[in-house]
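Asks: See data.txt below, with compact mmCIF, C-alpha atoms.
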# COMPACT_ATOMS: atom_id res chain seq x y z
CA MET H 1454 0.00 0.00 0.00
CA ALA H 1455 1.04 3.57 -0.60
CA ARG H 1456 2.14 5.69 2.32
CA TRP H 1457 -0.90 7.92 2.37
CA GLN H 1458 -3.40 7.22 5.12
CA PRO H 1459 -6.85 6.43 3.79
CA GLU H 1460 -9.86 7.54 5.74
CA THR H 1461 -11.63 5.02 7.91
CA THR H 1462 -14.26 4.24 5.28
CA GLN H 1463 -11.63 3.36 2.71
CA ARG H 1464 -9.66 1.36 5.27
CA LEU H 1465 -12.75 -0.69 6.06
CA VAL H 1466 -13.43 -1.30 2.37
CA ILE H 1467 -9.86 -2.44 1.73
CA ALA H 1468 -9.91 -4.76 4.76
CA ALA H 1469 -13.23 -6.25 3.70
CA VAL H 1470 -12.27 -6.87 0.10
CA ASP H 1471 -8.99 -8.43 1.21
CA LEU H 1472 -10.88 -10.78 3.54
CA PHE H 1473 -13.53 -11.58 0.91
CA THR H 1474 -10.75 -12.52 -1.46
CA GLU H 1475 -8.78 -14.54 1.08
CA GLN H 1476 -11.59 -16.52 2.67
CA GLY H 1477 -14.79 -15.77 0.76
CA TYR H 1478 -17.63 -13.36 1.39
CA ASP H 1479 -19.88 -15.68 3.39
CA ALA H 1480 -17.10 -16.65 5.84
CA THR H 1481 -16.14 -13.05 6.57
CA THR H 1482 -17.65 -11.36 9.63
CA VAL H 1483 -18.00 -7.73 10.56
CA ALA H 1484 -15.75 -8.41 13.57
CA GLN H 1485 -12.99 -9.68 11.29
CA ILE H 1486 -13.29 -6.70 8.98
CA ALA H 1487 -13.15 -4.25 11.88
CA GLU H 1488 -10.11 -6.04 13.38
CA ARG H 1489 -8.26 -6.05 10.06
CA ALA H 1490 -8.96 -2.35 9.64
CA GLY H 1491 -7.83 -1.63 13.19
CA VAL H 1492 -11.15 -0.25 14.40
CA THR H 1493 -13.93 -1.40 16.72
CA LYS H 1494 -17.15 -3.04 15.61
CA SER H 1495 -19.08 0.01 16.70
CA THR H 1496 -16.90 2.13 14.43
CA PHE H 1497 -17.76 -0.26 11.60
CA PHE H 1498 -21.45 0.20 12.25
CA ARG H 1499 -21.10 3.97 12.25
CA HIS H 1500 -19.97 3.63 8.63
CA PHE H 1501 -21.98 0.70 7.26
CA SER H 1502 -25.20 -1.09 8.17
CA ASP H 1503 -23.74 -4.50 7.23
CA LYS H 1504 -20.87 -6.09 5.34
CA ARG H 1505 -22.71 -6.00 2.04
CA GLU H 1506 -23.09 -2.25 2.20
CA LEU H 1507 -19.31 -2.02 2.11
CA LEU H 1508 -19.43 -2.93 -1.52
CA VAL H 1509 -21.62 -0.04 -2.42
CA ALA H 1510 -19.48 2.43 -0.53
CA GLY H 1511 -19.53 5.46 -2.70
CA GLN H 1512 -22.64 4.61 -4.70
CA GLU H 1513 -24.50 7.61 -3.36
CA THR H 1514 -21.50 9.82 -4.01
CA LEU H 1515 -21.17 8.50 -7.55
CA SER H 1516 -24.86 9.03 -8.26
CA ARG H 1517 -24.65 12.57 -6.98
CA LEU H 1518 -21.53 13.40 -9.01
CA LEU H 1519 -22.93 11.85 -12.19
CA ALA H 1520 -26.12 13.87 -11.81
CA GLU H 1521 -24.25 17.09 -10.98
CA GLY H 1522 -21.97 16.72 -13.98
CA ILE H 1523 -24.97 16.21 -16.24
CA ALA H 1524 -26.90 19.11 -14.71
CA GLU H 1525 -23.98 21.52 -15.06
CA ALA H 1526 -23.03 20.61 -18.63
CA PRO H 1527 -23.42 23.53 -21.09
CA ALA H 1528 -27.00 24.18 -22.15
CA ASP H 1529 -26.21 23.22 -25.75
CA ALA H 1530 -24.51 19.93 -24.83
CA SER H 1531 -26.01 16.87 -26.50
CA PRO H 1532 -27.33 14.03 -24.29
CA LEU H 1533 -24.09 12.05 -24.64
CA GLU H 1534 -21.98 15.16 -24.08
CA ALA H 1535 -23.87 15.72 -20.85
CA VAL H 1536 -23.30 12.07 -19.90
CA ALA H 1537 -19.59 12.54 -20.63
CA ALA H 1538 -19.56 15.51 -18.26
CA GLY H 1539 -21.17 13.32 -15.60
CA LEU H 1540 -18.57 10.59 -16.13
CA GLU H 1541 -15.75 13.10 -15.82
CA ARG H 1542 -17.17 14.47 -12.60
CA ALA H 1543 -17.69 11.02 -11.07
CA SER H 1544 -14.27 9.81 -12.20
CA SER H 1545 -12.64 12.61 -10.25
CA ALA H 1546 -13.76 10.87 -7.05
CA MET H 1547 -12.01 7.63 -7.99
CA GLY H 1548 -8.36 7.49 -6.93
CA PRO H 1549 -5.54 4.94 -6.55
CA THR H 1550 -7.40 2.94 -3.90
CA ASN H 1551 -10.40 2.47 -6.17
CA ARG H 1552 -8.15 1.40 -9.00
CA GLU H 1553 -6.24 -1.07 -6.85
CA LEU H 1554 -9.45 -2.56 -5.47
CA GLY H 1555 -10.96 -3.24 -8.91
CA PRO H 1556 -9.68 -6.76 -9.61
CA ARG H 1557 -10.25 -7.93 -6.03
CA LEU H 1558 -13.75 -6.51 -5.98
CA LYS H 1559 -14.48 -8.25 -9.26
CA ALA H 1560 -13.32 -11.59 -7.84
CA ALA H 1561 -15.38 -11.15 -4.68
CA VAL H 1562 -18.51 -10.27 -6.65
CA ALA H 1563 -18.03 -13.15 -9.09
CA ALA H 1564 -18.00 -15.58 -6.17
CA SER H 1565 -21.22 -14.43 -4.48
CA THR H 1566 -24.78 -14.26 -5.79
CA GLU H 1567 -25.65 -11.86 -2.99
CA LEU H 1568 -22.93 -9.47 -4.09
CA GLN H 1569 -23.93 -9.84 -7.72
CA GLU H 1570 -27.44 -8.80 -6.81
CA ARG H 1571 -26.21 -5.79 -4.87
CA ASP H 1572 -23.87 -4.85 -7.68
CA ALA H 1573 -26.66 -5.13 -10.25
CA LEU H 1574 -28.90 -2.88 -8.21
CA LYS H 1575 -26.05 -0.38 -7.93
CA SER H 1576 -25.98 -0.11 -11.72
CA VAL H 1577 -29.74 0.41 -11.76
CA GLY H 1578 -29.30 3.23 -9.24
CA LEU H 1579 -26.61 4.95 -11.27
CA ALA H 1580 -28.71 4.68 -14.43
CA ALA H 1581 -31.74 6.11 -12.62
CA ALA H 1582 -29.71 9.06 -11.32
CA MET H 1583 -28.44 9.84 -14.81
CA THR H 1584 -31.85 9.36 -16.42
CA ALA H 1585 -33.42 11.81 -13.96
CA ALA H 1586 -30.67 14.37 -14.55
CA LEU H 1587 -31.10 14.09 -18.33
CA LEU H 1588 -34.88 14.39 -18.14
CA ALA H 1589 -34.40 17.50 -15.99
CA ARG H 1590 -32.32 18.97 -18.86
CA GLY H 1591 -35.27 18.44 -21.17
CA VAL H 1592 -33.90 15.34 -22.91
CA PRO H 1593 -36.98 13.34 -23.96
CA ASP H 1594 -37.60 9.71 -23.06
CA PRO H 1595 -36.44 7.16 -24.28
CA THR H 1596 -33.32 9.11 -25.34
CA ALA H 1597 -32.64 10.01 -21.71
CA HIS H 1598 -32.98 6.39 -20.61
CA LEU H 1599 -30.78 5.16 -23.45
CA ALA H 1600 -28.07 7.79 -22.87
CA ALA H 1601 -28.03 6.91 -19.16
CA GLU H 1602 -27.62 3.20 -19.90
CA LEU H 1603 -24.72 4.01 -22.22
CA GLY H 1604 -23.24 6.05 -19.41
CA VAL H 1605 -23.43 3.14 -16.97
CA LEU H 1606 -21.93 0.76 -19.52
CA ALA H 1607 -19.13 3.23 -20.24
CA PHE H 1608 -18.39 3.74 -16.57
CA LYS H 1609 -18.22 -0.02 -15.94
CA ARG H 1610 -16.16 -0.77 -19.05
CA GLY H 1611 -13.85 2.17 -18.39
CA TYR H 1612 -13.40 1.16 -14.76
CA ALA H 1613 -12.54 -2.41 -15.77
CA GLN H 1614 -9.97 -1.20 -18.30
CA TRP H 1615 -8.50 1.25 -15.83
CA SER H 1616 -8.21 -1.14 -12.91
CA GLU H 1617 -7.03 -4.14 -14.92
CA ASP H 1618 -4.30 -2.28 -16.75
CA ASP H 1619 -0.92 -3.28 -15.28
CA ARG H 1620 0.84 -0.18 -16.54
CA ASP H 1621 1.26 2.95 -14.48
CA ASP H 1622 -1.89 5.01 -14.40
CA THR H 1623 -1.08 8.18 -16.23
CA GLN H 1624 -4.53 9.20 -17.39
CA GLY H 1625 -7.00 8.39 -14.63
CA LEU H 1626 -10.42 6.80 -14.84
CA ALA H 1627 -11.98 9.69 -16.78
CA HIS H 1628 -9.85 8.92 -19.83
CA HIS H 1629 -10.96 5.28 -19.90
CA ALA H 1630 -14.63 6.02 -19.21
CA LEU H 1631 -14.80 8.66 -21.95
CA ALA H 1632 -13.03 6.36 -24.40
CA ALA H 1633 -15.54 3.61 -23.59
CA LEU H 1634 -18.41 6.06 -24.13
CA GLN H 1635 -16.98 7.01 -27.50
CA ASP H 1636 -16.66 3.30 -28.44
CA LEU H 1637 -20.31 2.74 -27.53
CA ARG H 1638 -21.38 5.80 -29.47
CA THR H 1639 -19.50 4.51 -32.50
CA ALA H 1640 -21.12 1.09 -32.04
CA THR H 1641 -24.61 2.62 -32.32
CA ALA H 1642 -23.88 3.05 -36.04
CA SER H 1643 -23.47 -0.71 -36.53
CA LEU H 1644 -26.60 -1.89 -34.72
CA GLY H 1645 -28.50 -2.19 -37.99
CA MET F 821 -59.16 -15.38 -13.06
CA ALA F 822 -59.89 -17.05 -16.37
CA ARG F 823 -61.30 -20.56 -16.40
CA TRP F 824 -58.13 -22.24 -17.66
CA GLN F 825 -56.13 -24.11 -15.03
CA PRO F 826 -52.59 -22.85 -14.69
CA GLU F 827 -49.81 -25.27 -13.93
CA THR F 828 -48.57 -25.53 -10.38
CA THR F 829 -45.63 -23.20 -10.99
CA GLN F 830 -47.89 -20.44 -12.26
CA ARG F 831 -50.38 -21.04 -9.46
CA LEU F 832 -47.60 -20.60 -6.90
CA VAL F 833 -46.41 -17.41 -8.57
CA ILE F 834 -49.91 -15.94 -8.61
CA ALA F 835 -50.50 -16.86 -4.97
CA ALA F 836 -47.17 -15.36 -3.94
CA VAL F 837 -47.61 -12.09 -5.78
CA ASP F 838 -51.13 -11.74 -4.41
CA LEU F 839 -49.81 -12.22 -0.87
CA PHE F 840 -46.84 -9.88 -1.43
CA THR F 841 -49.29 -7.24 -2.58
CA GLU F 842 -51.78 -7.82 0.24
CA GLN F 843 -49.40 -8.03 3.19
CA GLY F 844 -45.88 -7.26 1.92
CA TYR F 845 -43.00 -9.46 0.85
CA ASP F 846 -41.29 -9.74 4.23
CA ALA F 847 -44.44 -10.81 6.05
CA THR F 848 -45.25 -13.57 3.55
CA THR F 849 -44.11 -17.10 4.35
CA VAL F 850 -43.64 -20.13 2.13
CA ALA F 851 -46.37 -21.88 4.15
CA GLN F 852 -48.84 -19.10 3.32
CA ILE F 853 -47.97 -19.20 -0.35
CA ALA F 854 -48.38 -22.96 -0.51
CA GLU F 855 -51.71 -22.77 1.31
CA ARG F 856 -53.04 -20.04 -0.97
CA ALA F 857 -52.01 -22.08 -4.01
CA GLY F 858 -53.61 -25.20 -2.56
CA VAL F 859 -50.43 -27.26 -2.39
CA THR F 860 -48.16 -28.55 0.35
CA LYS F 861 -44.91 -26.89 1.43
CA SER F 862 -42.94 -29.80 0.01
CA THR F 863 -44.59 -29.20 -3.35
CA PHE F 864 -43.51 -25.58 -3.09
CA PHE F 865 -39.91 -26.63 -2.47
CA ARG F 866 -39.99 -28.95 -5.46
CA HIS F 867 -40.58 -25.85 -7.58
CA PHE F 868 -38.60 -23.11 -5.84
CA SER F 869 -35.69 -22.93 -3.41
CA ASP F 870 -37.23 -19.98 -1.55
CA LYS F 871 -39.87 -17.29 -1.90
CA ARG F 872 -37.55 -14.91 -3.69
CA GLU F 873 -36.92 -17.41 -6.47
CA LEU F 874 -40.60 -17.20 -7.27
CA LEU F 875 -40.02 -13.80 -8.75
CA VAL F 876 -37.50 -15.07 -11.22
CA ALA F 877 -39.70 -17.93 -12.33
CA GLY F 878 -39.10 -18.09 -15.99
CA GLN F 879 -35.79 -16.23 -16.08
CA GLU F 880 -33.94 -19.29 -17.33
CA THR F 881 -36.63 -19.92 -19.91
CA LEU F 882 -36.52 -16.32 -21.07
CA SER F 883 -32.73 -16.36 -21.35
CA ARG F 884 -32.87 -19.54 -23.38
CA LEU F 885 -35.57 -18.24 -25.71
CA LEU F 886 -33.83 -14.89 -26.23
CA ALA F 887 -30.58 -16.68 -27.09
CA GLU F 888 -32.33 -19.18 -29.37
CA GLY F 889 -34.14 -16.46 -31.26
CA ILE F 890 -30.88 -14.59 -31.78
CA ALA F 891 -29.00 -17.73 -32.83
CA GLU F 892 -31.64 -18.73 -35.35
CA ALA F 893 -32.09 -15.31 -36.96
CA PRO F 894 -31.12 -15.23 -40.65
CA ALA F 895 -27.38 -15.08 -41.26
CA ASP F 896 -27.67 -11.62 -42.80
CA ALA F 897 -29.74 -10.17 -39.95
CA SER F 898 -28.24 -7.06 -38.33
CA PRO F 899 -27.48 -7.12 -34.59
CA LEU F 900 -30.77 -5.39 -33.75
CA GLU F 901 -32.71 -7.59 -36.16
CA ALA F 902 -31.29 -10.60 -34.34
CA VAL F 903 -32.27 -9.04 -31.01
CA ALA F 904 -35.77 -8.48 -32.39
CA ALA F 905 -35.95 -12.18 -33.27
CA GLY F 906 -34.93 -13.01 -29.70
CA LEU F 907 -37.61 -10.69 -28.30
CA GLU F 908 -40.26 -12.30 -30.50
CA ARG F 909 -39.24 -15.79 -29.39
CA ALA F 910 -39.21 -14.86 -25.70
CA SER F 911 -42.51 -12.97 -25.96
CA SER F 912 -44.20 -16.12 -27.21
CA ALA F 913 -43.71 -17.62 -23.74
CA MET F 914 -45.53 -14.75 -22.05
CA GLY F 915 -49.28 -15.21 -21.86
CA PRO F 916 -52.30 -13.72 -20.08
CA THR F 917 -51.03 -14.70 -16.61
CA ASN F 918 -47.77 -12.84 -17.16
CA ARG F 919 -49.64 -9.80 -18.38
CA GLU F 920 -52.04 -9.83 -15.46
CA LEU F 921 -49.20 -10.21 -12.96
CA GLY F 922 -47.23 -7.23 -14.27
CA PRO F 923 -48.64 -4.40 -12.14
CA ARG F 924 -48.74 -6.53 -8.98
CA LEU F 925 -45.17 -7.71 -9.53
CA LYS F 926 -44.09 -4.12 -10.04
CA ALA F 927 -45.71 -3.08 -6.75
CA ALA F 928 -44.11 -5.97 -4.86
CA VAL F 929 -40.66 -5.21 -6.27
CA ALA F 930 -40.99 -1.48 -5.57
CA ALA F 931 -41.64 -2.24 -1.91
CA SER F 932 -38.64 -4.52 -1.29
CA THR F 933 -34.93 -3.86 -1.68
CA GLU F 934 -34.30 -7.60 -1.71
CA LEU F 935 -36.64 -8.02 -4.67
CA GLN F 936 -35.14 -5.01 -6.44
CA GLU F 937 -31.72 -6.62 -6.17
CA ARG F 938 -33.00 -9.92 -7.51
CA ASP F 939 -34.82 -8.15 -10.30
CA ALA F 940 -31.70 -6.16 -11.22
CA LEU F 941 -29.63 -9.32 -11.41
CA LYS F 942 -32.30 -10.87 -13.62
CA SER F 943 -31.78 -8.08 -16.14
CA VAL F 944 -28.02 -8.64 -15.99
CA GLY F 945 -28.61 -12.33 -16.74
CA LEU F 946 -30.86 -11.61 -19.71
CA ALA F 947 -28.31 -9.14 -21.10
CA ALA F 948 -25.50 -11.65 -20.65
CA ALA F 949 -27.48 -14.34 -22.48
CA MET F 950 -28.16 -12.01 -25.40
CA THR F 951 -24.58 -10.71 -25.50
CA ALA F 952 -23.22 -14.26 -25.66
CA ALA F 953 -25.65 -15.19 -28.44
CA LEU F 954 -24.68 -12.10 -30.45
CA LEU F 955 -20.94 -12.71 -29.99
CA ALA F 956 -21.53 -16.28 -31.19
CA ARG F 957 -23.04 -14.80 -34.39
CA GLY F 958 -19.81 -12.87 -34.94
CA VAL F 959 -21.13 -9.50 -33.77
CA PRO F 960 -18.10 -7.66 -32.37
CA ASP F 961 -17.88 -6.17 -28.92
CA PRO F 962 -19.01 -3.53 -27.85
CA THR F 963 -21.77 -3.69 -30.48
CA ALA F 964 -22.94 -7.04 -29.07
CA HIS F 965 -23.04 -5.68 -25.53
CA LEU F 966 -24.86 -2.54 -26.63
CA ALA F 967 -27.43 -4.42 -28.74
CA ALA F 968 -28.11 -6.76 -25.81
CA GLU F 969 -28.67 -3.85 -23.44
CA LEU F 970 -31.10 -2.32 -25.91
CA GLY F 971 -32.85 -5.69 -26.01
CA VAL F 972 -33.25 -5.80 -22.24
CA LEU F 973 -34.51 -2.21 -22.17
CA ALA F 974 -36.97 -2.98 -24.96
CA PHE F 975 -38.23 -6.11 -23.22
CA LYS F 976 -38.76 -4.26 -19.93
CA ARG F 977 -40.36 -1.22 -21.54
CA GLY F 978 -42.52 -3.38 -23.78
CA TYR F 979 -43.61 -5.55 -20.86
CA ALA F 980 -44.55 -2.49 -18.83
CA GLN F 981 -46.62 -1.07 -21.70
CA TRP F 982 -48.26 -4.41 -22.35
CA SER F 983 -49.16 -5.17 -18.76
CA GLU F 984 -50.24 -1.66 -17.79
CA ASP F 985 -52.53 -1.17 -20.78
CA ASP F 986 -56.13 -1.43 -19.62
CA ARG F 987 -57.46 -2.23 -23.08
CA ASP F 988 -57.95 -5.74 -24.35
CA ASP F 989 -54.71 -7.34 -25.40
CA THR F 990 -55.01 -7.83 -29.12
CA GLN F 991 -51.36 -7.81 -30.09
CA GLY F 992 -49.40 -9.65 -27.41
CA LEU F 993 -46.10 -8.75 -25.78
CA ALA F 994 -44.07 -9.15 -28.97
CA HIS F 995 -45.75 -6.13 -30.54
CA HIS F 996 -44.92 -3.91 -27.58
CA ALA F 997 -41.34 -5.18 -27.18
CA LEU F 998 -40.57 -4.68 -30.87
CA ALA F 999 -42.12 -1.20 -30.84
CA ALA F 1000 -39.97 -0.33 -27.81
CA LEU F 1001 -36.88 -1.63 -29.60
CA GLN F 1002 -37.71 0.52 -32.61
CA ASP F 1003 -38.16 3.56 -30.33
CA LEU F 1004 -34.74 2.94 -28.79
CA ARG F 1005 -33.17 2.48 -32.19
CA THR F 1006 -34.64 5.78 -33.30
CA ALA F 1007 -33.37 7.41 -30.12
CA THR F 1008 -29.78 6.43 -30.95
CA ALA F 1009 -29.90 9.11 -33.65
CA SER F 1010 -30.52 11.87 -31.09
CA LEU F 1011 -27.79 10.96 -28.58
CA GLY F 1012 -25.44 13.55 -30.07
Just give me the structure as structure tokens.
Replies:
Amino acid sequence: MARWQPETTQRLVIAAVDLFTEQGYDATTVAQIAERAGVTKSTFFRHFSDKRELLVAGQETLSRLLAEGIAEAPADASPLEAVAAGLERASSAMGPTNRELGPRLKAAVAASTELQERDALKSVGLAAAMTAALLARGVPDPTAHLAAELGVLAFKRGYAQWSEDDRDDTQGLAHHALAALQDLRTATASLG
Amino acid sequence: MARWQPETTQRLVIAAVDLFTEQGYDATTVAQIAERAGVTKSTFFRHFSDKRELLVAGQETLSRLLAEGIAEAPADASPLEAVAAGLERASSAMGPTNRELGPRLKAAVAASTELQERDALKSVGLAAAMTAALLARGVPDPTAHLAAELGVLAFKRGYAQWSEDDRDDTQGLAHHALAALQDLRTATASLG
């Protein structure tokens, strides 16, 4: 780990994902997570209602940033340009810890139906936040819904590319998310 | 209810959704569902592993039909034409009971985070089945992924329109799902 000291929330997330990866999600208790993170159980419960909620740490923040970026895009921005602004804003909240966690999070989710369900609902939440922000800009339905779904796909694909790339991270998540959005936009021309 | 006799699986689903709507998902037990459906608890457990699985009754069938429809579309069909063939095939499995259940299912899901999670993962599963079938046709990624997501959106939007329409159902789900797919296709032109 780098020398910087993550906040307690991040420390709990790292401890949990490490334990999920080492011994599985089901076998990991809140007590173990708290111990690994060097905090008490009551500190854990001040941050999360249960161990599953750890995996959606940041979902509310992401939803808010995506919506803010969309809302504050220039008035003449197209739906996808507004989505791109949302992705840039949300990406700014994702740092080295998020990147490092990616592959381990993916492994933990792949091994647990419960986590897959929570992860799926997280995507639904992000799409809903973006859809609402686009509708508020006057983008009609179903364009708003479609643009939001492309935004979620781009964020997930960009995050995977960012966190699974072994090279030094010189460009940040935003670069990968925007490139993924552009790929999806290009792909709309070959749907037939 | 109509005079035709639904199979046990459908009878259990109807009983469960009625109970979820009347008294909430959390308060409903397997014993109550079995009693309402006029079967024993052991019969229930021959059909479903738990009450939540009731709500994904048919997911495996839908995934299979979507994939089959895509696989068997003409060789020169475009990605969205193949998706349309999948939607038509899957829609053929959805009859009056499915239509009647729609609004009650929606209410039950809206009231339960657990059901929202399961429902979200169902959509992920349908998208994965369609993506795999499109890749197997030689559709490149991300076009395959994008076309599959449009297919899921179209199926959900079409199902909502079909099941929430108070008029007599003269056209079936396929009509609504294909119209929704066409709307989404048209919307791709206004993404910017």
Asks: Taking all atoms listed in the file into account, which residues of chain F are within 12 Å of chain H, as number ranges by chain?
Replies: F: 896-904, 933-945, 947, 954, 959-974, 977, 1000-1012
Asks: Point out the residue among F:Glu827, F:Glu920, F:Glu855, F:Glu908 with the least atom-to-atom distance to Leu993 in chain F, counting only C-alpha atoms.
Replies: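 Comparing F:Glu827, F:Glu920, F:Glu855, F:Glu908 against Leu993 in chain F, the winner is F:Glu908.
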Asks: Take CA of Arg919 in chain F and CA of Tyr979 in chain F and report the distance between them in Å, one decimal.
Replies: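 Interatomic distance, CA of Arg919 in chain F to CA of Tyr979 in chain F: 7.8 Å.
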Asks: Please list as a tab-separated table (two decimals) with C-alpha atoms, in the frame of the given file every residue within 10 Å of Thr881 in chain F, counting all atoms listed in the file and excluding residues in the same chain fewer than 6 positions away.
Replies:
chain	number	residue	atom	x	y	z
F	887	ALA	CA	-30.58	-16.68	-27.09
F	910	ALA	CA	-39.21	-14.86	-25.70
F	913	ALA	CA	-43.71	-17.62	-23.74
Asks: So, with only C-alpha atoms as the atoms that count, which of H:Leu1540, H:Ile1523, H:Ala1581, H:Leu1465 lies closest to Arg1499 in chain H?
Replies: H:Leu1465
Asks: Which one of H:Thr1481, H:Ser1616, H:Thr1584, H:Gln1512 sits closest to Leu1558 in chain H if you count all atoms listed in the file?
Replies: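 Under the stated criterion, the closest residue is H:Ser1616.
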Asks: State, in Å with one decimal place, the distance from CA of Leu885 in chain F to CA of Ala905 in chain F.
Replies: 9.7 Å
Asks: May I ask for the distance between CA of Gly1491 in chain H and CA of Glu1617 in chain H, given in Å to one decimal place?
Replies: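 The value is 28.2 Å.
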Asks: Please provide the set of residues having any atom within 8 Å of Leu1507 in chain H, restricted to all atoms listed in the file, with same-chain residues fewer than 4 positions apart removed, written as an NGL selection string.
Replies: :H and (1465-1466 or 1469 or 1501 or 1503)
Asks: Which one is closest to Asn918 in chain F: F:Gly878, F:Arg957, F:Lys861, F:His996? Count all atoms listed in the file.
Replies: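 Of all the options, F:Gly878 lies closest to Asn918 in chain F.
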